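Novice: PDB, C-alpha atoms, pLDDT in the B column, file coords-v5.pdb:
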ATOM      1  CA  GLN A 191       0.000   0.000   0.000  1.00 49.00           C
ATOM      2  CA  ALA A 192       2.815   2.380   0.838  1.00 46.00           C
ATOM      3  CA  CYS A 193       4.330   1.569  -2.565  1.00 47.00           C
ATOM      4  CA  CYS A 194       1.081   2.442  -4.378  1.00 44.00           C
ATOM      5  CA  ARG A 195       0.681   5.725  -2.390  1.00 46.00           C
ATOM      6  CA  GLN A 196       4.188   6.722  -3.386  1.00 49.00           C
ATOM      7  CA  VAL A 197       3.426   5.998  -7.056  1.00 41.00           C
ATOM      8  CA  LEU A 198       0.146   7.971  -6.987  1.00 42.00           C
ATOM      9  CA  THR A 199       1.752  10.905  -5.204  1.00 46.00           C
ATOM     10  CA  THR A 200       4.614  11.103  -7.657  1.00 46.00           C
ATOM     11  CA  VAL A 201       2.333  10.780 -10.690  1.00 42.00           C
ATOM     12  CA  ALA A 202       0.092  13.556  -9.338  1.00 49.00           C
ATOM     13  CA  TRP A 203       3.156  15.721  -8.825  1.00 40.00           C
ATOM     14  CA  SER A 204       4.256  15.048 -12.365  1.00 47.00           C
ATOM     15  CA  SER A 205       0.804  15.961 -13.716  1.00 49.00           C
ATOM     16  CA  GLU A 206       0.975  19.299 -11.898  1.00 48.00           C
ATOM     17  CA  MET A 207       4.323  19.974 -13.500  1.00 43.00           C
ATOM     18  CA  VAL A 208       2.874  19.298 -16.962  1.00 39.00           C
ATOM     19  CA  ARG A 209      -0.029  21.673 -16.358  1.00 50.00           C
ATOM     20  CA  ALA A 210       2.173  24.341 -14.808  1.00 41.00           C
ATOM     21  CA  ARG A 211       4.949  24.221 -17.352  1.00 42.00           C
ATOM     22  CA  ARG A 212       3.770  23.522 -20.846  1.00 46.00           C
ATOM     23  CA  THR A 213       7.072  24.195 -22.528  1.00 46.00           C
ATOM     24  CA  GLY A 214       8.977  21.319 -24.180  1.00 47.00           C
ATOM     25  CA  LEU A 215      11.476  21.305 -21.322  1.00 42.00           C
ATOM     26  CA  GLY A 216       8.789  21.003 -18.689  1.00 47.00           C
ATOM     27  CA  LEU A 217       7.204  18.061 -20.500  1.00 43.00           C
ATOM     28  CA  VAL A 218      10.535  16.266 -20.767  1.00 41.00           C
ATOM     29  CA  VAL A 219      11.194  16.734 -17.038  1.00 40.00           C
ATOM     30  CA  ALA A 220       7.733  15.436 -16.162  1.00 45.00           C
ATOM     31  CA  VAL A 221       8.012  12.354 -18.355  1.00 41.00           C
ATOM     32  CA  THR A 222      11.478  11.651 -16.971  1.00 47.00           C
ATOM     33  CA  ALA A 223      10.132  11.779 -13.440  1.00 45.00           C
ATOM     34  CA  VAL A 224       7.340   9.316 -14.222  1.00 40.00           C
ATOM     35  CA  VAL A 225       9.753   6.906 -15.922  1.00 40.00           C
ATOM     36  CA  PHE A 226      12.099   7.123 -12.921  1.00 45.00           C
ATOM     37  CA  VAL A 227       9.260   6.241 -10.555  1.00 40.00           C
ATOM     38  CA  ALA A 228       8.187   3.318 -12.728  1.00 43.00           C
ATOM     39  CA  GLN A 229      11.711   1.953 -12.748  1.00 49.00           C
ATOM     40  CA  SER A 230      12.500   2.522  -9.070  1.00 47.00           C
ATOM     41  CA  VAL A 231       9.160   1.673  -7.473  1.00 42.00           C
ATOM     42  CA  ILE A 232       6.758  -0.207  -9.749  1.00 39.00           C
ATOM     43  CA  ARG A 233       9.206  -2.669 -11.222  1.00 42.00           C
ATOM     44  CA  PRO A 234      10.716  -3.879  -7.900  1.00 41.00           C
ATOM     45  CA  ALA A 235       7.289  -4.020  -6.293  1.00 36.00           C
ATOM     46  CA  PHE A 236       5.432  -6.016  -8.925  1.00 35.00           C
ATOM     47  CA  VAL A 237       7.763  -7.756 -11.383  1.00 39.00           C
ATOM     48  CA  GLN A 238      11.363  -8.800 -11.514  1.00 46.00           C
ATOM     49  CA  LEU A 239      12.660  -8.420 -15.076  1.00 43.00           C
ATOM     50  CA  PRO A 240      15.464 -10.786 -16.126  1.00 45.00           C
ATOM     51  CA  ALA A 241      18.959  -9.477 -16.592  1.00 50.00           C
ATOM     52  CA  ARG A 242      20.174  -9.274 -20.180  1.00 42.00           C
ATOM     53  CA  ARG A 243      22.624 -12.103 -19.602  1.00 45.00           C
ATOM     54  CA  ASP A 244      19.702 -14.300 -18.489  1.00 46.00           C
ATOM     55  CA  LEU A 245      18.034 -13.843 -21.865  1.00 40.00           C
ATOM     56  CA  LEU A 246      20.826 -15.910 -23.402  1.00 42.00           C
ATOM     57  CA  SER A 247      20.181 -18.890 -21.155  1.00 44.00           C
ATOM     58  CA  GLY A 248      17.461 -21.463 -20.670  1.00 43.00           C
ATOM     59  CA  ALA A 249      14.406 -21.167 -22.879  1.00 42.00           C
ATOM     60  CA  ALA A 250      15.798 -18.226 -24.847  1.00 42.00           C
ATOM     61  CA  VAL A 251      18.713 -20.309 -26.038  1.00 38.00           C
ATOM     62  CA  GLY A 252      16.341 -23.111 -26.961  1.00 41.00           C
ATOM     63  CA  VAL A 253      14.310 -20.755 -29.149  1.00 39.00           C
ATOM     64  CA  LEU A 254      17.403 -19.380 -30.848  1.00 38.00           C
ATOM     65  CA  LEU A 255      18.876 -22.790 -31.495  1.00 37.00           C
ATOM     66  CA  GLY A 256      15.584 -24.149 -32.726  1.00 42.00           C
ATOM     67  CA  SER A 257      15.363 -21.354 -35.269  1.00 38.00           C
ATOM     68  CA  ALA A 258      18.957 -21.859 -36.377  1.00 39.00           C
ATOM     69  CA  GLN A 259      18.358 -25.572 -36.856  1.00 44.00           C
ATOM     70  CA  ALA A 260      15.259 -25.210 -38.993  1.00 49.00           C
ATOM     71  CA  ALA A 261      15.107 -27.574 -41.919  1.00 56.00           C
ATOM     72  CA  GLN A 262      16.678 -26.526 -45.198  1.00 71.00           C
ATOM     73  CA  ALA A 263      13.946 -26.446 -47.840  1.00 89.00           C
ATOM     74  CA  ILE A 264      14.586 -28.367 -51.051  1.00 97.00           C
ATOM     75  CA  ASP A 265      13.719 -26.215 -54.059  1.00 97.00           C
ATOM     76  CA  ALA A 266      11.927 -27.300 -57.196  1.00 98.00           C
ATOM     77  CA  CYS A 267      13.697 -27.388 -60.543  1.00 97.00           C
ATOM     78  CA  ASN A 268      13.141 -24.682 -63.112  1.00 95.00           C
ATOM     79  CA  LYS A 269      10.068 -25.575 -65.134  1.00 92.00           C
ATOM     80  CA  ASP A 270      10.800 -28.223 -67.800  1.00 92.00           C
ATOM     81  CA  ALA A 271      14.538 -28.160 -67.046  1.00 96.00           C
ATOM     82  CA  ASN A 272      16.573 -30.795 -68.861  1.00 96.00           C
ATOM     83  CA  ASN A 273      19.216 -31.092 -66.161  1.00 96.00           C
ATOM     84  CA  CYS A 274      17.400 -31.380 -62.835  1.00 97.00           C
ATOM     85  CA  TYR A 275      15.300 -33.696 -60.658  1.00 98.00           C
ATOM     86  CA  SER A 276      13.608 -32.695 -57.401  1.00 98.00           C
ATOM     87  CA  THR A 277      11.058 -34.092 -54.980  1.00 98.00           C
ATOM     88  CA  ALA A 278       9.595 -30.553 -54.895  1.00 98.00           C
ATOM     89  CA  SER A 279       9.015 -30.446 -58.663  1.00 98.00           C
ATOM     90  CA  SER A 280       6.103 -31.549 -60.797  1.00 96.00           C
ATOM     91  CA  GLY A 281       5.944 -32.980 -64.278  1.00 95.00           C
ATOM     92  CA  LYS A 282       8.982 -34.592 -65.837  1.00 96.00           C
ATOM     93  CA  ASN A 283      11.340 -33.218 -63.169  1.00 97.00           C
ATOM     94  CA  LYS A 284       9.445 -34.865 -60.306  1.00 98.00           C
ATOM     95  CA  MET A 285      11.201 -37.639 -58.396  1.00 98.00           C
ATOM     96  CA  ALA A 286       9.912 -39.689 -55.481  1.00 98.00           C
ATOM     97  CA  ALA A 287      11.276 -39.095 -51.985  1.00 98.00           C
ATOM     98  CA  TRP A 288      13.529 -41.752 -50.493  1.00 98.00           C
ATOM     99  CA  LYS A 289      11.907 -43.585 -47.562  1.00 98.00           C
ATOM    100  CA  TRP A 290      13.726 -45.628 -44.966  1.00 98.00           C
ATOM    101  CA  PRO A 291      12.210 -48.812 -43.476  1.00 98.00           C
ATOM    102  CA  SER A 292       9.599 -48.283 -40.783  1.00 96.00           C
ATOM    103  CA  SER A 293      11.615 -50.593 -38.543  1.00 96.00           C
ATOM    104  CA  SER A 294      14.550 -48.148 -38.585  1.00 97.00           C
ATOM    105  CA  SER A 295      14.863 -45.037 -36.451  1.00 97.00           C
ATOM    106  CA  LYS A 296      15.531 -41.682 -38.029  1.00 97.00           C
ATOM    107  CA  SER A 297      19.038 -41.597 -36.570  1.00 97.00           C
ATOM    108  CA  ASP A 298      19.750 -44.998 -38.112  1.00 98.00           C
ATOM    109  CA  ALA A 299      18.402 -43.743 -41.426  1.00 98.00           C
ATOM    110  CA  VAL A 300      20.740 -40.741 -41.293  1.00 98.00           C
ATOM    111  CA  ALA A 301      23.701 -43.038 -40.710  1.00 98.00           C
ATOM    112  CA  THR A 302      22.632 -45.339 -43.554  1.00 98.00           C
ATOM    113  CA  LEU A 303      22.201 -42.546 -46.086  1.00 98.00           C
ATOM    114  CA  LYS A 304      25.524 -41.011 -45.156  1.00 98.00           C
ATOM    115  CA  SER A 305      27.300 -44.335 -45.589  1.00 98.00           C
ATOM    116  CA  VAL A 306      25.692 -44.785 -49.023  1.00 98.00           C
ATOM    117  CA  LEU A 307      26.689 -41.291 -50.102  1.00 98.00           C
ATOM    118  CA  GLU A 308      30.241 -41.801 -48.871  1.00 98.00           C
ATOM    119  CA  ALA A 309      30.472 -45.102 -50.769  1.00 98.00           C
ATOM    120  CA  TYR A 310      29.884 -43.385 -54.110  1.00 98.00           C
ATOM    121  CA  PRO A 311      32.983 -44.050 -56.267  1.00 97.00           C
ATOM    122  CA  LYS A 312      35.426 -41.149 -56.289  1.00 96.00           C
ATOM    123  CA  GLU A 313      36.374 -42.110 -59.845  1.00 94.00           C
ATOM    124  CA  GLY A 314      32.734 -41.946 -60.911  1.00 95.00           C
ATOM    125  CA  GLN A 315      30.523 -44.660 -62.373  1.00 96.00           C
ATOM    126  CA  ASN A 316      28.810 -45.449 -65.652  1.00 94.00           C
ATOM    127  CA  GLY A 317      30.829 -42.735 -67.396  1.00 90.00           C
ATOM    128  CA  VAL A 318      29.741 -39.868 -65.100  1.00 92.00           C
ATOM    129  CA  ASP A 319      31.236 -37.938 -62.173  1.00 94.00           C
ATOM    130  CA  GLN A 320      34.781 -38.842 -63.190  1.00 91.00           C
ATOM    131  CA  GLY A 321      36.121 -35.677 -61.579  1.00 91.00           C
ATOM    132  CA  GLY A 322      35.225 -36.856 -58.091  1.00 94.00           C
ATOM    133  CA  TRP A 323      32.841 -35.521 -55.489  1.00 97.00           C
ATOM    134  CA  SER A 324      32.865 -33.899 -52.042  1.00 97.00           C
ATOM    135  CA  PHE A 325      30.559 -32.721 -49.278  1.00 98.00           C
ATOM    136  CA  ALA A 326      30.064 -28.968 -49.656  1.00 98.00           C
ATOM    137  CA  VAL A 327      27.737 -28.895 -46.614  1.00 98.00           C
ATOM    138  CA  ASP A 328      27.430 -31.765 -44.145  1.00 98.00           C
ATOM    139  CA  GLN A 329      24.789 -31.127 -41.481  1.00 98.00           C
ATOM    140  CA  LEU A 330      23.207 -34.567 -41.541  1.00 98.00           C
ATOM    141  CA  SER A 331      23.846 -35.323 -37.882  1.00 96.00           C
ATOM    142  CA  ASP A 332      22.176 -32.189 -36.498  1.00 96.00           C
ATOM    143  CA  LYS A 333      19.934 -30.700 -39.198  1.00 97.00           C
ATOM    144  CA  GLY A 334      19.454 -33.683 -41.484  1.00 98.00           C
ATOM    145  CA  TYR A 335      20.754 -31.719 -44.469  1.00 98.00           C
ATOM    146  CA  ALA A 336      23.664 -32.161 -46.837  1.00 98.00           C
ATOM    147  CA  ARG A 337      24.808 -30.803 -50.185  1.00 98.00           C
ATOM    148  CA  LEU A 338      27.368 -32.629 -52.298  1.00 98.00           C
ATOM    149  CA  GLU A 339      29.236 -31.436 -55.386  1.00 98.00           C
ATOM    150  CA  TYR A 340      30.002 -33.808 -58.259  1.00 97.00           C
ATOM    151  CA  LEU A 341      32.444 -32.997 -61.071  1.00 93.00           C
ATOM    152  CA  SER A 342      32.044 -34.257 -64.621  1.00 82.00           C
ATOM    153  CA  GLY A 343      32.741 -33.209 -68.201  1.00 64.00           C
ATOM    154  CA  LEU A 344      36.518 -33.477 -68.063  1.00 57.00           C
ATOM    155  CA  GLY A 345      39.011 -33.237 -70.907  1.00 51.00           C
ATOM    156  CA  ASN A 346      38.165 -31.740 -74.300  1.00 53.00           C
ATOM    157  CA  PHE A 347      34.465 -31.607 -73.509  1.00 52.00           C
ATOM    158  CA  ALA A 348      35.088 -29.258 -70.581  1.00 50.00           C
ATOM    159  CA  LYS A 349      37.700 -27.357 -72.574  1.00 49.00           C
ATOM    160  CA  PHE A 350      35.325 -26.576 -75.426  1.00 51.00           C
ATOM    161  CA  PHE A 351      32.078 -26.076 -73.535  1.00 56.00           C
ATOM    162  CA  ASN A 352      32.987 -24.812 -70.047  1.00 55.00           C
ATOM    163  CA  GLY A 353      36.247 -22.871 -70.338  1.00 62.00           C
ATOM    164  CA  GLY A 354      38.362 -25.868 -69.390  1.00 60.00           C
ATOM    165  CA  LYS A 355      36.602 -26.306 -66.053  1.00 73.00           C
ATOM    166  CA  PRO A 356      34.673 -29.433 -65.112  1.00 80.00           C
ATOM    167  CA  PHE A 357      30.894 -29.213 -64.932  1.00 87.00           C
ATOM    168  CA  VAL A 358      29.550 -29.129 -61.374  1.00 93.00           C
ATOM    169  CA  ASP A 359      26.313 -30.787 -60.271  1.00 95.00           C
ATOM    170  CA  ASP A 360      24.745 -30.363 -56.833  1.00 98.00           C
ATOM    171  CA  LEU A 361      22.964 -33.104 -54.909  1.00 98.00           C
ATOM    172  CA  GLU A 362      20.907 -31.948 -51.915  1.00 98.00           C
ATOM    173  CA  VAL A 363      19.223 -34.187 -49.360  1.00 98.00           C
ATOM    174  CA  GLN A 364      16.979 -33.121 -46.479  1.00 98.00           C
ATOM    175  CA  PHE A 365      15.476 -35.459 -43.886  1.00 98.00           C
ATOM    176  CA  GLU A 366      11.766 -35.015 -43.231  1.00 97.00           C
ATOM    177  CA  SER A 367       9.590 -36.858 -40.693  1.00 96.00           C
ATOM    178  CA  ASP A 368       9.592 -40.191 -42.549  1.00 96.00           C
ATOM    179  CA  SER A 369      11.394 -39.611 -45.838  1.00 98.00           C
ATOM    180  CA  VAL A 370      14.244 -37.748 -47.518  1.00 98.00           C
ATOM    181  CA  SER A 371      13.649 -34.879 -49.926  1.00 98.00           C
ATOM    182  CA  VAL A 372      16.157 -34.806 -52.784  1.00 98.00           C
ATOM    183  CA  LYS A 373      17.348 -32.506 -55.554  1.00 98.00           C
ATOM    184  CA  SER A 374      20.048 -33.211 -58.125  1.00 98.00           C
ATOM    185  CA  ALA A 375      20.809 -30.490 -60.659  1.00 97.00           C
ATOM    186  CA  SER A 376      23.485 -29.183 -62.995  1.00 94.00           C
ATOM    187  CA  ARG A 377      24.656 -25.623 -62.398  1.00 92.00           C
ATOM    188  CA  VAL A 378      25.093 -24.653 -66.054  1.00 86.00           C
ATOM    189  CA  GLY A 379      23.890 -25.748 -69.465  1.00 80.00           C
ATOM    190  CA  ASP A 380      20.577 -26.991 -70.750  1.00 85.00           C
ATOM    191  CA  SER A 381      21.023 -30.754 -71.001  1.00 87.00           C
ATOM    192  CA  ASP A 382      22.995 -32.841 -68.523  1.00 88.00           C
ATOM    193  CA  LEU A 383      23.395 -35.735 -70.981  1.00 88.00           C
ATOM    194  CA  GLY A 384      21.836 -38.065 -68.429  1.00 93.00           C
ATOM    195  CA  VAL A 385      24.374 -37.419 -65.677  1.00 94.00           C
ATOM    196  CA  ASN A 386      21.942 -36.557 -62.861  1.00 97.00           C
ATOM    197  CA  GLY A 387      19.749 -39.543 -63.644  1.00 97.00           C
ATOM    198  CA  LYS A 388      22.657 -41.996 -63.592  1.00 97.00           C
ATOM    199  CA  ARG A 389      23.842 -40.598 -60.263  1.00 98.00           C
ATOM    200  CA  LEU A 390      20.428 -40.739 -58.626  1.00 98.00           C
ATOM    201  CA  ASN A 391      19.739 -44.258 -59.859  1.00 98.00           C
ATOM    202  CA  PHE A 392      23.108 -45.498 -58.584  1.00 98.00           C
ATOM    203  CA  ILE A 393      22.385 -44.105 -55.114  1.00 98.00           C
ATOM    204  CA  ALA A 394      18.776 -45.350 -55.197  1.00 98.00           C
ATOM    205  CA  ALA A 395      19.936 -48.889 -55.994  1.00 98.00           C
ATOM    206  CA  ALA A 396      22.297 -48.808 -53.012  1.00 98.00           C
ATOM    207  CA  LEU A 397      19.464 -47.634 -50.750  1.00 98.00           C
ATOM    208  CA  ARG A 398      17.075 -50.313 -52.004  1.00 98.00           C
ATOM    209  CA  ALA A 399      19.708 -52.896 -51.124  1.00 98.00           C
ATOM    210  CA  LYS A 400      19.369 -51.658 -47.538  1.00 98.00           C
ATOM    211  CA  GLY A 401      15.581 -51.935 -47.483  1.00 98.00           C
ATOM    212  CA  TRP A 402      14.680 -48.379 -48.506  1.00 98.00           C
ATOM    213  CA  GLU A 403      12.010 -47.279 -50.952  1.00 98.00           C
ATOM    214  CA  ALA A 404      13.974 -45.414 -53.616  1.00 98.00           C
ATOM    215  CA  ALA A 405      12.608 -45.428 -57.142  1.00 98.00           C
ATOM    216  CA  ASP A 406      14.708 -44.903 -60.230  1.00 98.00           C
ATOM    217  CA  VAL A 407      14.207 -41.732 -62.271  1.00 98.00           C
ATOM    218  CA  GLY A 408      13.526 -41.777 -65.987  1.00 96.00           C
ATOM    219  CA  PRO A 409      15.270 -39.789 -68.716  1.00 95.00           C
ATOM    220  CA  LEU A 410      14.471 -36.097 -69.026  1.00 94.00           C
TER     221      LEU A 410
END
Produce structure tokens that represent the structure in this file.

Specialist:
Amino acid sequence: QACCRQVLTTVAWSSEMVRARRTGLGLVVAVTAVVFVAQSVIRPAFVQLPARRDLLSGAAVGVLLGSAQAAQAIDACNKDANNCYSTASSGKNKMAAWKWPSSSSKSDAVATLKSVLEAYPKEGQNGVDQGGWSFAVDQLSDKGYARLEYLSGLGNFAKFFNGGKPFVDDLEVQFESDSVSVKSASRVGDSDLGVNGKRLNFIAAALRAKGWEAADVGPL
């Protein structure tokens, strides 16, 4: 009660100041007085605000980390592209998501997919990806996302059509609740000469051997 009387008295005093001194300076002084009372009396009496350092602990950290670990969305291919497949696309560029067995946990599925990706031949296969491959982003263990880069089109083909540099394709995978979203696309050019399809079908066959549902893709 004493706290409330002090607040009311001070506010009344501040109101008198506003009425008595209507200049800009008088208004600033009055507002400053009210703010001071609110900080010194009302806040300790009724609510204890957390220190700034406390905002970076507990639930606040959980919110921040949860936002930072949001799933990476898999994009659709450009409409009618001749060098791209995606689970987010429609039409000829549509591919089915990869699904792990219902008897496996999600963590086991992550480990299985990573082992299959890592087993992809560094020298390529079926005449594609002969320049090797590497993980550009590997967040499978915490965010369920990865992006791999595959190099192809070596030798005279690269020399004549890509300034002597190998062609780069990107493979993205993103774990969802019960399946894996996928996108495989060439960075440049119109046709991929079947490269993305051969890569996806090689990986899909390896996943099927481990009990996954992973359909082959057809030619573009």

Novice: Distance atom CA of A:Val300-atom CA of A:Ala287, one decimal place?

Specialist: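 For atom CA of A:Val300 relative to atom CA of A:Ala287, the distance reads 14.4 Å.
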
Novice: Find the residue from A:Val306, A:Ala405, A:Ala278, A:Leu397 that sits nearest to A:Ile264; use all atoms listed in the file when measuring.

Specialist: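 Between A:Val306, A:Ala405, A:Ala278, A:Leu397, the residue approaching A:Ile264 most closely is A:Ala278.
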
Novice: Could you jot down the atom CA of A:Asn273 to atom CA of A:Lys355 separation for me, Å, one decimal place?

Specialist: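 Atom-to-atom, atom CA of A:Asn273 to atom CA of A:Lys355, that is 18.0 Å.
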
Novice: Taking all atoms of stretch 286-304 of chain A that the file lists and extending 3 Å past them on each side, where is the centre of the axis-aligned box and how long are its edges? Answer in Å to one decimal, as AutoDock Vina command-line options.

Specialist:
--center_x 17.6 --center_y -44.8 --center_z -46.0 --size_x 21.9 --size_y 17.5 --size_z 25.0

Novice: Please evaluate the PyMOL selection byres ((chain A and resi 296) around 12) against the displayed coordinates and give the resulting residues as number ranges by chain.

Specialist: A: 289-295, 297-303, 330-334, 365-370

Novice: Kindly give the distance, in Å, that separates atom CA of A:Gly321 and atom CA of A:Leu338, rounded to a single decimal.

Specialist: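 We find that atom CA of A:Gly321 and atom CA of A:Leu338 lie 13.1 Å from each other.
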
Novice: Taking the file as shown, what set of residues would the PyMOL selection byres ((chain A and resi 386) around 9) give back, as a PyMOL selection string?

Specialist: chain A and resi 273-275+318+359+361+374-376+382-385+387-391

Novice: List every protein, DNA or RNA residue with an atom no more than 9 Å from (18.3, -31.9, -49.2) in the file's coordinates, counting only C-alpha atoms, and format the result as an MDAnalysis selection string.

Specialist: chainID A and resid 262:265 334:337 361:365 370:373

Novice: Please provide the set of residues having any atom within 8 Å of A:Ser279, restricted to only C-alpha atoms, with same-chain residues fewer than 5 positions apart removed, written as a PyMOL selection string.

Specialist: chain A and resi 265-267+284-285

Novice: Counting all atoms listed in the file, which of A:Ser276, A:Trp288, A:Ala309, A:Asp380 gets nearest to A:Gly401?

Specialist: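 Distance minimum relative to A:Gly401 lands on A:Trp288.
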
Novice: Given the choices A:Ser381, A:Asn272, A:Ser342, A:Ser280, which gets closest to A:Gln320 if the distance is worked out from all atoms listed in the file?

Specialist: A:Ser342

Novice: Expanded to explicit residues, what is the PyMOL selection byres ((chain A and resi 358) around 8) for this file, as a ChimeraX atom specification?

Specialist: /A:339-342,356-357,359-360,376-378

Novice: Only all heavy atoms, as an mmCIF file, in the first residue's frame: that is what I want for stretch 262-270 of chain A.

Specialist:
data_model
loop_
_atom_site.group_PDB
_atom_site.id
_atom_site.type_symbol
_atom_site.label_atom_id
_atom_site.label_comp_id
_atom_site.auth_asym_id
_atom_site.auth_seq_id
_atom_site.Cartn_x
_atom_site.Cartn_y
_atom_site.Cartn_z
ATOM 1 N N GLN A 262 16.347 -27.166 -43.945
ATOM 2 C CA GLN A 262 16.678 -26.526 -45.198
ATOM 3 C C GLN A 262 15.695 -27.000 -46.251
ATOM 4 O O GLN A 262 15.567 -28.183 -46.521
ATOM 5 C CB GLN A 262 18.112 -26.891 -45.605
ATOM 6 C CG GLN A 262 18.547 -26.326 -46.940
ATOM 7 C CD GLN A 262 18.950 -24.877 -46.832
ATOM 8 O OE1 GLN A 262 19.357 -24.435 -45.760
ATOM 9 N NE2 GLN A 262 18.831 -24.144 -47.915
ATOM 10 N N ALA A 263 14.943 -26.062 -46.861
ATOM 11 C CA ALA A 263 13.946 -26.446 -47.840
ATOM 12 C C ALA A 263 14.615 -26.858 -49.143
ATOM 13 O O ALA A 263 15.580 -26.230 -49.594
ATOM 14 C CB ALA A 263 12.981 -25.296 -48.081
ATOM 15 N N ILE A 264 14.113 -27.933 -49.751
ATOM 16 C CA ILE A 264 14.586 -28.367 -51.051
ATOM 17 C C ILE A 264 13.754 -27.661 -52.117
ATOM 18 O O ILE A 264 12.522 -27.736 -52.116
ATOM 19 C CB ILE A 264 14.454 -29.895 -51.194
ATOM 20 C CG1 ILE A 264 15.356 -30.605 -50.184
ATOM 21 C CG2 ILE A 264 14.784 -30.347 -52.615
ATOM 22 C CD1 ILE A 264 16.835 -30.370 -50.383
ATOM 23 N N ASP A 265 14.413 -26.973 -53.027
ATOM 24 C CA ASP A 265 13.719 -26.215 -54.059
ATOM 25 C C ASP A 265 13.304 -27.109 -55.221
ATOM 26 O O ASP A 265 13.889 -28.169 -55.465
ATOM 27 C CB ASP A 265 14.615 -25.100 -54.597
ATOM 28 C CG ASP A 265 14.922 -24.045 -53.550
ATOM 29 O OD1 ASP A 265 14.067 -23.826 -52.667
ATOM 30 O OD2 ASP A 265 16.013 -23.448 -53.619
ATOM 31 N N ALA A 266 12.325 -26.637 -55.963
ATOM 32 C CA ALA A 266 11.927 -27.300 -57.196
ATOM 33 C C ALA A 266 12.891 -26.921 -58.314
ATOM 34 O O ALA A 266 13.619 -25.921 -58.234
ATOM 35 C CB ALA A 266 10.503 -26.888 -57.566
ATOM 36 N N CYS A 267 12.907 -27.714 -59.358
ATOM 37 C CA CYS A 267 13.697 -27.388 -60.543
ATOM 38 C C CYS A 267 13.011 -26.258 -61.313
ATOM 39 O O CYS A 267 11.820 -25.994 -61.129
ATOM 40 C CB CYS A 267 13.800 -28.596 -61.469
ATOM 41 S SG CYS A 267 14.511 -30.078 -60.713
ATOM 42 N N ASN A 268 13.768 -25.603 -62.174
ATOM 43 C CA ASN A 268 13.141 -24.682 -63.112
ATOM 44 C C ASN A 268 12.188 -25.475 -64.007
ATOM 45 O O ASN A 268 12.455 -26.634 -64.353
ATOM 46 C CB ASN A 268 14.195 -23.981 -63.960
ATOM 47 C CG ASN A 268 15.071 -23.045 -63.140
ATOM 48 O OD1 ASN A 268 14.627 -22.501 -62.122
ATOM 49 N ND2 ASN A 268 16.303 -22.861 -63.556
ATOM 50 N N LYS A 269 11.109 -24.872 -64.375
ATOM 51 C CA LYS A 269 10.068 -25.575 -65.134
ATOM 52 C C LYS A 269 10.643 -26.179 -66.413
ATOM 53 O O LYS A 269 11.312 -25.491 -67.195
ATOM 54 C CB LYS A 269 8.921 -24.615 -65.461
ATOM 55 C CG LYS A 269 7.756 -25.287 -66.182
ATOM 56 C CD LYS A 269 6.621 -24.320 -66.374
ATOM 57 C CE LYS A 269 5.487 -24.937 -67.196
ATOM 58 N NZ LYS A 269 4.958 -26.158 -66.587
ATOM 59 N N ASP A 270 10.389 -27.477 -66.601
ATOM 60 C CA ASP A 270 10.800 -28.223 -67.800
ATOM 61 C C ASP A 270 12.315 -28.226 -68.013
ATOM 62 O O ASP A 270 12.780 -28.341 -69.149
ATOM 63 C CB ASP A 270 10.098 -27.670 -69.044
ATOM 64 C CG ASP A 270 8.590 -27.891 -69.007
ATOM 65 O OD1 ASP A 270 8.154 -28.919 -68.438
ATOM 66 O OD2 ASP A 270 7.854 -27.032 -69.535
#
